[in-house]
Amino acid sequence: MPYAILTFFGIFTAVSLPAYAIAPAKYRHIVLLLISLICAGYFSPYGLLFMLITIFTTYLAGICMDEITKRNDTKGLEKQFRKQIKEKIKRKKKLIVFCYIIINLGILFVLKYFKMFFSFDIVPTAVKMVFPLGLSYYTLQSLSYVIDVFRGKYQAERNLLKLGLFISCFPQLHEGPFGRYNLLMPQMCRNEQIKKENVFSGVGQILWGLFKIFMVANRAAIISDEVFSHYVRYGGVTIVLGAVAFTLQLYAEFSGYIDVAAGISKIFGIKLTQNFDLPFIARDVAEFWRRWHISLGSWFRDYVFYPVSTSRWLRNLTKKMKMALGDFTTLTVSLLTVWFLTGLWHGASIKYICYGLYYFILMILLHKVSPVFSKLFEKLKINKESKLVILLQILKTQFFVLIGMLMFRANNLEDFLSMMKNIFRSGETFPFLKVLEMPEWIVLLLSMIVVIVSAVIKMKHINLEKLFNNLTTYQKYAVCFGACCIIIVFGAYGLDYLPPDPIYGGF
């Protein structure tokens, strides 16, 4: 059911708010944990079992690593003995992390990727029908905690219930964003009372997310579905229109769901990690991915790119190479690993792996070409910060992004290649008024203008949330009521309208 997750957000927020408010302060995090586990169980009984396995193994891994460190105190020992003991501790902790990865990534692999790599499937149909909600998200989030404890960034959490809340907190369970233990846990366990300013600020962000979903994403989905379902008919500009519509749909929907999750969390006094930062003003693809799905990118940077680039085997591989070649080899291997896994994270198919490798190739080309263009600009005395140059760079970046979106949306690589060919041939005229009636087009365009204006305001460093918080209580009520009316009256939904399933919710 396309709206099940939003209904689920609304119902469980409404239930958890009064329970959280009346609970004694020291038990409020337990209320949130119980609501989160009930949510996971409601959507997927099997999923709750898998989540509990992740919670318990994450807790045990952290505690075991802490105990190993405490029992092997090196204070007062000679330097050579300290070094030996530290190496022994590191080996034991590595074994714990290895076992943890085998268990939890093993669950993820079997449920999501097994059939892709083997010709048969060992997962019962009954289990697939109730696939764990947010499996990829909470698995990677818990893995980041275990790795950080291994690195000594912080001590392991001794309270199982608090750690369980970090892994399972329901607002971010569906589409993220990925959170870090040292940033989220202090907020989750402050156990503060519900504050009026947090409620207004949270509701405002929820309504903004719903605006993007119902006003923009759901209408853009109708356009993209028409183009991608009947791409054989169309060619040229229509295929490009489909790619643009899908890009708009994906951004409005994904950022909208993140806003809903962030708004609900804000009501409880929890600030989630920022996941988008004006990605469509990026001047190259590397900057685009620093602005798009920020929490995923930072996760792969910290827990894949850096470990691979500093690994002993890679240092041994490159130590006999010249410095420039060695550095390039290190960068290439690290980026290849990151983008292969990024593609695989998005889906269990060759298409998604190629999607990741597409950006890997662009990143390597960018690394090689950027210095050449910089020197060329210097020789020709072109100002790289001029508005025209920046605009051309943005357009160039979005051109490559649209190709990536075309691949991402296509059913398979064969369809993607066919659509790429169709761009260069003529086809049927797109039936604009059959796909959407004129009032729907007007609402879509006006809604897009609102989203664009909000982006421009953000670029001007004007904080809309701060302006909203500075309003009087009655003014806030008026703004929220007006936003609700706009979404209810002009939103794309209803019995005769079948909205799309959340795209990123499937990952």
# chains A, B, ... in the order shown; residues from 1 in each chain; ligands from 1

$ residues_around --residues "Phe399 (chain A)" --least-positions-apart "6" --cutoff "12 Å" --atoms "only C-alpha atoms" --output "ChimeraX atom specification"
/A:240,243-244,247,280,282-285,288,392-393,405-406

$ write_last_selection --atoms "all heavy atoms" --output "mmCIF file, in the first residue's frame"
data_model
loop_
_atom_site.group_PDB
_atom_site.id
_atom_site.type_symbol
_atom_site.label_atom_id
_atom_site.label_comp_id
_atom_site.auth_asym_id
_atom_site.auth_seq_id
_atom_site.Cartn_x
_atom_site.Cartn_y
_atom_site.Cartn_z
ATOM 1 N N VAL A 240 13.708 12.529 -22.526
ATOM 2 C CA VAL A 240 14.360 13.468 -21.605
ATOM 3 C C VAL A 240 13.355 13.981 -20.577
ATOM 4 O O VAL A 240 13.662 14.094 -19.384
ATOM 5 C CB VAL A 240 14.998 14.644 -22.373
ATOM 6 C CG1 VAL A 240 15.599 15.661 -21.405
ATOM 7 C CG2 VAL A 240 16.061 14.129 -23.337
ATOM 8 N N ALA A 243 12.925 11.433 -17.922
ATOM 9 C CA ALA A 243 14.059 11.422 -16.989
ATOM 10 C C ALA A 243 13.974 12.595 -16.022
ATOM 11 O O ALA A 243 14.236 12.448 -14.820
ATOM 12 C CB ALA A 243 15.373 11.455 -17.760
ATOM 13 N N VAL A 244 13.594 13.774 -16.530
ATOM 14 C CA VAL A 244 13.450 14.962 -15.676
ATOM 15 C C VAL A 244 12.331 14.750 -14.658
ATOM 16 O O VAL A 244 12.478 15.058 -13.472
ATOM 17 C CB VAL A 244 13.179 16.217 -16.532
ATOM 18 C CG1 VAL A 244 12.810 17.408 -15.646
ATOM 19 C CG2 VAL A 244 14.396 16.554 -17.386
ATOM 20 N N THR A 247 13.455 12.344 -11.990
ATOM 21 C CA THR A 247 14.398 13.014 -11.082
ATOM 22 C C THR A 247 13.642 13.885 -10.096
ATOM 23 O O THR A 247 13.930 13.879 -8.886
ATOM 24 C CB THR A 247 15.400 13.870 -11.882
ATOM 25 O OG1 THR A 247 16.070 13.049 -12.840
ATOM 26 C CG2 THR A 247 16.427 14.512 -10.960
ATOM 27 N N PHE A 280 20.884 20.141 -6.722
ATOM 28 C CA PHE A 280 20.794 20.536 -8.133
ATOM 29 C C PHE A 280 21.554 21.822 -8.458
ATOM 30 O O PHE A 280 21.459 22.325 -9.572
ATOM 31 C CB PHE A 280 19.326 20.649 -8.547
ATOM 32 C CG PHE A 280 18.598 19.343 -8.426
ATOM 33 C CD1 PHE A 280 17.626 19.152 -7.455
ATOM 34 C CD2 PHE A 280 18.915 18.270 -9.252
ATOM 35 C CE1 PHE A 280 16.975 17.943 -7.315
ATOM 36 C CE2 PHE A 280 18.269 17.055 -9.126
ATOM 37 C CZ PHE A 280 17.306 16.885 -8.153
ATOM 38 N N ALA A 282 24.851 21.624 -7.738
ATOM 39 C CA ALA A 282 26.202 21.049 -7.739
ATOM 40 C C ALA A 282 26.901 21.325 -9.060
ATOM 41 O O ALA A 282 26.284 21.266 -10.128
ATOM 42 C CB ALA A 282 26.123 19.546 -7.483
ATOM 43 N N ARG A 283 28.200 21.604 -8.981
ATOM 44 C CA ARG A 283 28.972 21.945 -10.176
ATOM 45 C C ARG A 283 29.699 20.754 -10.776
ATOM 46 O O ARG A 283 30.266 20.853 -11.863
ATOM 47 C CB ARG A 283 29.952 23.073 -9.831
ATOM 48 C CG ARG A 283 29.213 24.353 -9.450
ATOM 49 C CD ARG A 283 30.102 25.365 -8.769
ATOM 50 N NE ARG A 283 31.146 25.883 -9.643
ATOM 51 C CZ ARG A 283 31.963 26.895 -9.318
ATOM 52 N NH1 ARG A 283 31.829 27.490 -8.136
ATOM 53 N NH2 ARG A 283 32.890 27.294 -10.148
ATOM 54 N N ASP A 284 29.729 19.631 -10.080
ATOM 55 C CA ASP A 284 30.266 18.384 -10.625
ATOM 56 C C ASP A 284 29.603 17.219 -9.904
ATOM 57 O O ASP A 284 28.920 17.410 -8.888
ATOM 58 C CB ASP A 284 31.802 18.319 -10.512
ATOM 59 C CG ASP A 284 32.292 18.485 -9.082
ATOM 60 O OD1 ASP A 284 31.869 17.689 -8.217
ATOM 61 O OD2 ASP A 284 33.095 19.400 -8.817
ATOM 62 N N VAL A 285 29.799 16.007 -10.409
ATOM 63 C CA VAL A 285 29.085 14.853 -9.845
ATOM 64 C C VAL A 285 29.552 14.531 -8.425
ATOM 65 O O VAL A 285 28.771 14.016 -7.605
ATOM 66 C CB VAL A 285 29.231 13.608 -10.745
ATOM 67 C CG1 VAL A 285 28.414 13.770 -12.013
ATOM 68 C CG2 VAL A 285 30.680 13.304 -11.061
ATOM 69 N N PHE A 288 27.623 16.757 -6.324
ATOM 70 C CA PHE A 288 26.226 16.303 -6.308
ATOM 71 C C PHE A 288 26.019 15.244 -5.231
ATOM 72 O O PHE A 288 25.055 15.301 -4.468
ATOM 73 C CB PHE A 288 25.839 15.746 -7.680
ATOM 74 C CG PHE A 288 24.444 15.183 -7.738
ATOM 75 C CD1 PHE A 288 23.358 16.008 -7.941
ATOM 76 C CD2 PHE A 288 24.221 13.817 -7.556
ATOM 77 C CE1 PHE A 288 22.057 15.504 -7.978
ATOM 78 C CE2 PHE A 288 22.934 13.289 -7.594
ATOM 79 C CZ PHE A 288 21.855 14.136 -7.805
ATOM 80 N N LEU A 392 27.070 26.833 -16.585
ATOM 81 C CA LEU A 392 27.446 25.760 -17.517
ATOM 82 C C LEU A 392 27.889 24.506 -16.769
ATOM 83 O O LEU A 392 27.576 23.383 -17.178
ATOM 84 C CB LEU A 392 28.562 26.250 -18.449
ATOM 85 C CG LEU A 392 28.162 27.329 -19.456
ATOM 86 C CD1 LEU A 392 29.384 27.822 -20.228
ATOM 87 C CD2 LEU A 392 27.111 26.796 -20.429
ATOM 88 N N GLN A 393 28.603 24.694 -15.664
ATOM 89 C CA GLN A 393 29.026 23.541 -14.864
ATOM 90 C C GLN A 393 27.830 22.828 -14.247
ATOM 91 O O GLN A 393 27.781 21.592 -14.204
ATOM 92 C CB GLN A 393 29.998 24.001 -13.774
ATOM 93 C CG GLN A 393 31.368 24.409 -14.307
ATOM 94 C CD GLN A 393 32.262 24.963 -13.214
ATOM 95 O OE1 GLN A 393 31.796 25.563 -12.248
ATOM 96 N NE2 GLN A 393 33.563 24.775 -13.369
ATOM 97 N N MET A 405 19.852 8.850 -13.800
ATOM 98 C CA MET A 405 18.457 8.643 -13.417
ATOM 99 C C MET A 405 17.724 7.769 -14.430
ATOM 100 O O MET A 405 16.858 6.966 -14.070
ATOM 101 C CB MET A 405 17.743 9.994 -13.275
ATOM 102 C CG MET A 405 18.192 10.818 -12.097
ATOM 103 S SD MET A 405 17.802 10.019 -10.526
ATOM 104 C CE MET A 405 18.414 11.261 -9.368
ATOM 105 N N LEU A 406 18.064 7.925 -15.699
ATOM 106 C CA LEU A 406 17.466 7.107 -16.747
ATOM 107 C C LEU A 406 17.802 5.630 -16.507
ATOM 108 O O LEU A 406 16.940 4.753 -16.618
ATOM 109 C CB LEU A 406 17.985 7.558 -18.110
ATOM 110 C CG LEU A 406 17.143 7.260 -19.346
ATOM 111 C CD1 LEU A 406 15.799 7.972 -19.270
ATOM 112 C CD2 LEU A 406 17.887 7.699 -20.608
#

$ closest_residue --among "A:Ile223, A:Leu467, A:Ile294, A:Leu250" --to "Phe430 (chain A)" --atoms "only C-alpha atoms"
A:Ile223

$ closest_residue --among "A:Val479, A:Cys64, A:Ala286, A:Val443" --to "Val203 (chain A)" --atoms "only C-alpha atoms"
A:Val479

$ select_by_dssp --residues "region 231-406 of chain A" --states "helix (DSSP H, G or I)" --output "PyMOL selection string"
chain A and resi 237-267+279-281+285-291+294-309+312-318+323-346+350-379+387-406

$ residues_around --residues "Pro177 (chain A)" --least-positions-apart "4" --cutoff "9 Å" --atoms "only C-alpha atoms" --output "number ranges by chain"
A: 137, 172-173, 258, 261-262, 272-275, 293-296

$ closest_residue --among "A:Gly204, A:Pro45, A:Gly269, A:Pro132" --to "Lys466 (chain A)" --atoms "only C-alpha atoms"
A:Gly204

$ closest_residue --among "A:Met420, A:Val31, A:Leu464, A:Leu325" --to "Met407 (chain A)" --atoms "only C-alpha atoms"
A:Met420

$ residues_around --residues "region 91-103 of chain A" --least-positions-apart "5" --cutoff "8 Å" --atoms "only C-alpha atoms" --output "VMD selection string"
chain A and resid 57 to 58 61 64 to 65 68 143 146 to 147 150

$ closest_residue --among "A:Tyr138, A:Phe200, A:Phe56, A:Trp299" --to "Asn159 (chain A)" --atoms "only C-alpha atoms"
A:Phe56

$ residues_around --residues "Leu184 (chain A)" --least-positions-apart "2" --cutoff "10 Å" --atoms "only C-alpha atoms" --output "list in words"
Leu165, Phe166, Gly179, Arg180, Tyr181, Asn182, Pro186, Gln187, Met188, Cys189, Ile270, Lys271, Leu272 and Thr273 of chain A

$ residues_around --residues "Gly491 (chain A)" --least-positions-apart "2" --cutoff "10 Å" --atoms "only C-alpha atoms" --output "PyMOL selection string"
chain A and resi 210-216+218-219+440+443-444+484-489+493-494

$ residues_around --residues "region 346-349 of chain A" --least-positions-apart "2" --cutoff "8 Å" --atoms "only C-alpha atoms" --output "PyMOL selection string"
chain A and resi 112-113+116+342-344+351-353+507

$ write_last_selection --atoms "N, CA and C atoms" --output "mmCIF file, in the first residue's frame"
data_model
loop_
_atom_site.group_PDB
_atom_site.id
_atom_site.type_symbol
_atom_site.label_atom_id
_atom_site.label_comp_id
_atom_site.auth_asym_id
_atom_site.auth_seq_id
_atom_site.Cartn_x
_atom_site.Cartn_y
_atom_site.Cartn_z
ATOM 1 N N LYS A 112 18.247 -10.311 0.799
ATOM 2 C CA LYS A 112 18.153 -9.325 -0.282
ATOM 3 C C LYS A 112 18.947 -9.698 -1.538
ATOM 4 N N TYR A 113 20.062 -10.430 -1.379
ATOM 5 C CA TYR A 113 20.974 -10.597 -2.509
ATOM 6 C C TYR A 113 21.248 -12.043 -2.910
ATOM 7 N N MET A 116 20.367 -13.165 -6.402
ATOM 8 C CA MET A 116 21.102 -12.453 -7.452
ATOM 9 C C MET A 116 22.399 -13.184 -7.805
ATOM 10 N N THR A 342 27.769 0.896 -3.370
ATOM 11 C CA THR A 342 26.662 1.858 -3.428
ATOM 12 C C THR A 342 25.591 1.375 -4.406
ATOM 13 N N GLY A 343 26.029 0.918 -5.569
ATOM 14 C CA GLY A 343 25.080 0.375 -6.536
ATOM 15 C C GLY A 343 24.363 -0.837 -5.988
ATOM 16 N N LEU A 344 25.120 -1.731 -5.339
ATOM 17 C CA LEU A 344 24.532 -2.946 -4.777
ATOM 18 C C LEU A 344 23.556 -2.617 -3.661
ATOM 19 N N LYS A 351 21.692 -4.025 -12.979
ATOM 20 C CA LYS A 351 21.395 -2.626 -13.337
ATOM 21 C C LYS A 351 21.922 -1.671 -12.276
ATOM 22 N N TYR A 352 21.677 -1.983 -11.023
ATOM 23 C CA TYR A 352 22.099 -1.080 -9.946
ATOM 24 C C TYR A 352 23.614 -1.079 -9.776
ATOM 25 N N ILE A 353 24.243 -2.229 -10.002
ATOM 26 C CA ILE A 353 25.705 -2.265 -9.944
ATOM 27 C C ILE A 353 26.280 -1.382 -11.044
ATOM 28 N N PHE A 507 14.837 0.110 -0.480
ATOM 29 C CA PHE A 507 16.248 -0.221 -0.370
ATOM 30 C C PHE A 507 16.639 -0.573 1.056
#

$ atom_distance --atom1 "CA of Gly202 (chain A)" --atom2 "CA of Ser16 (chain A)"
14.8 Å
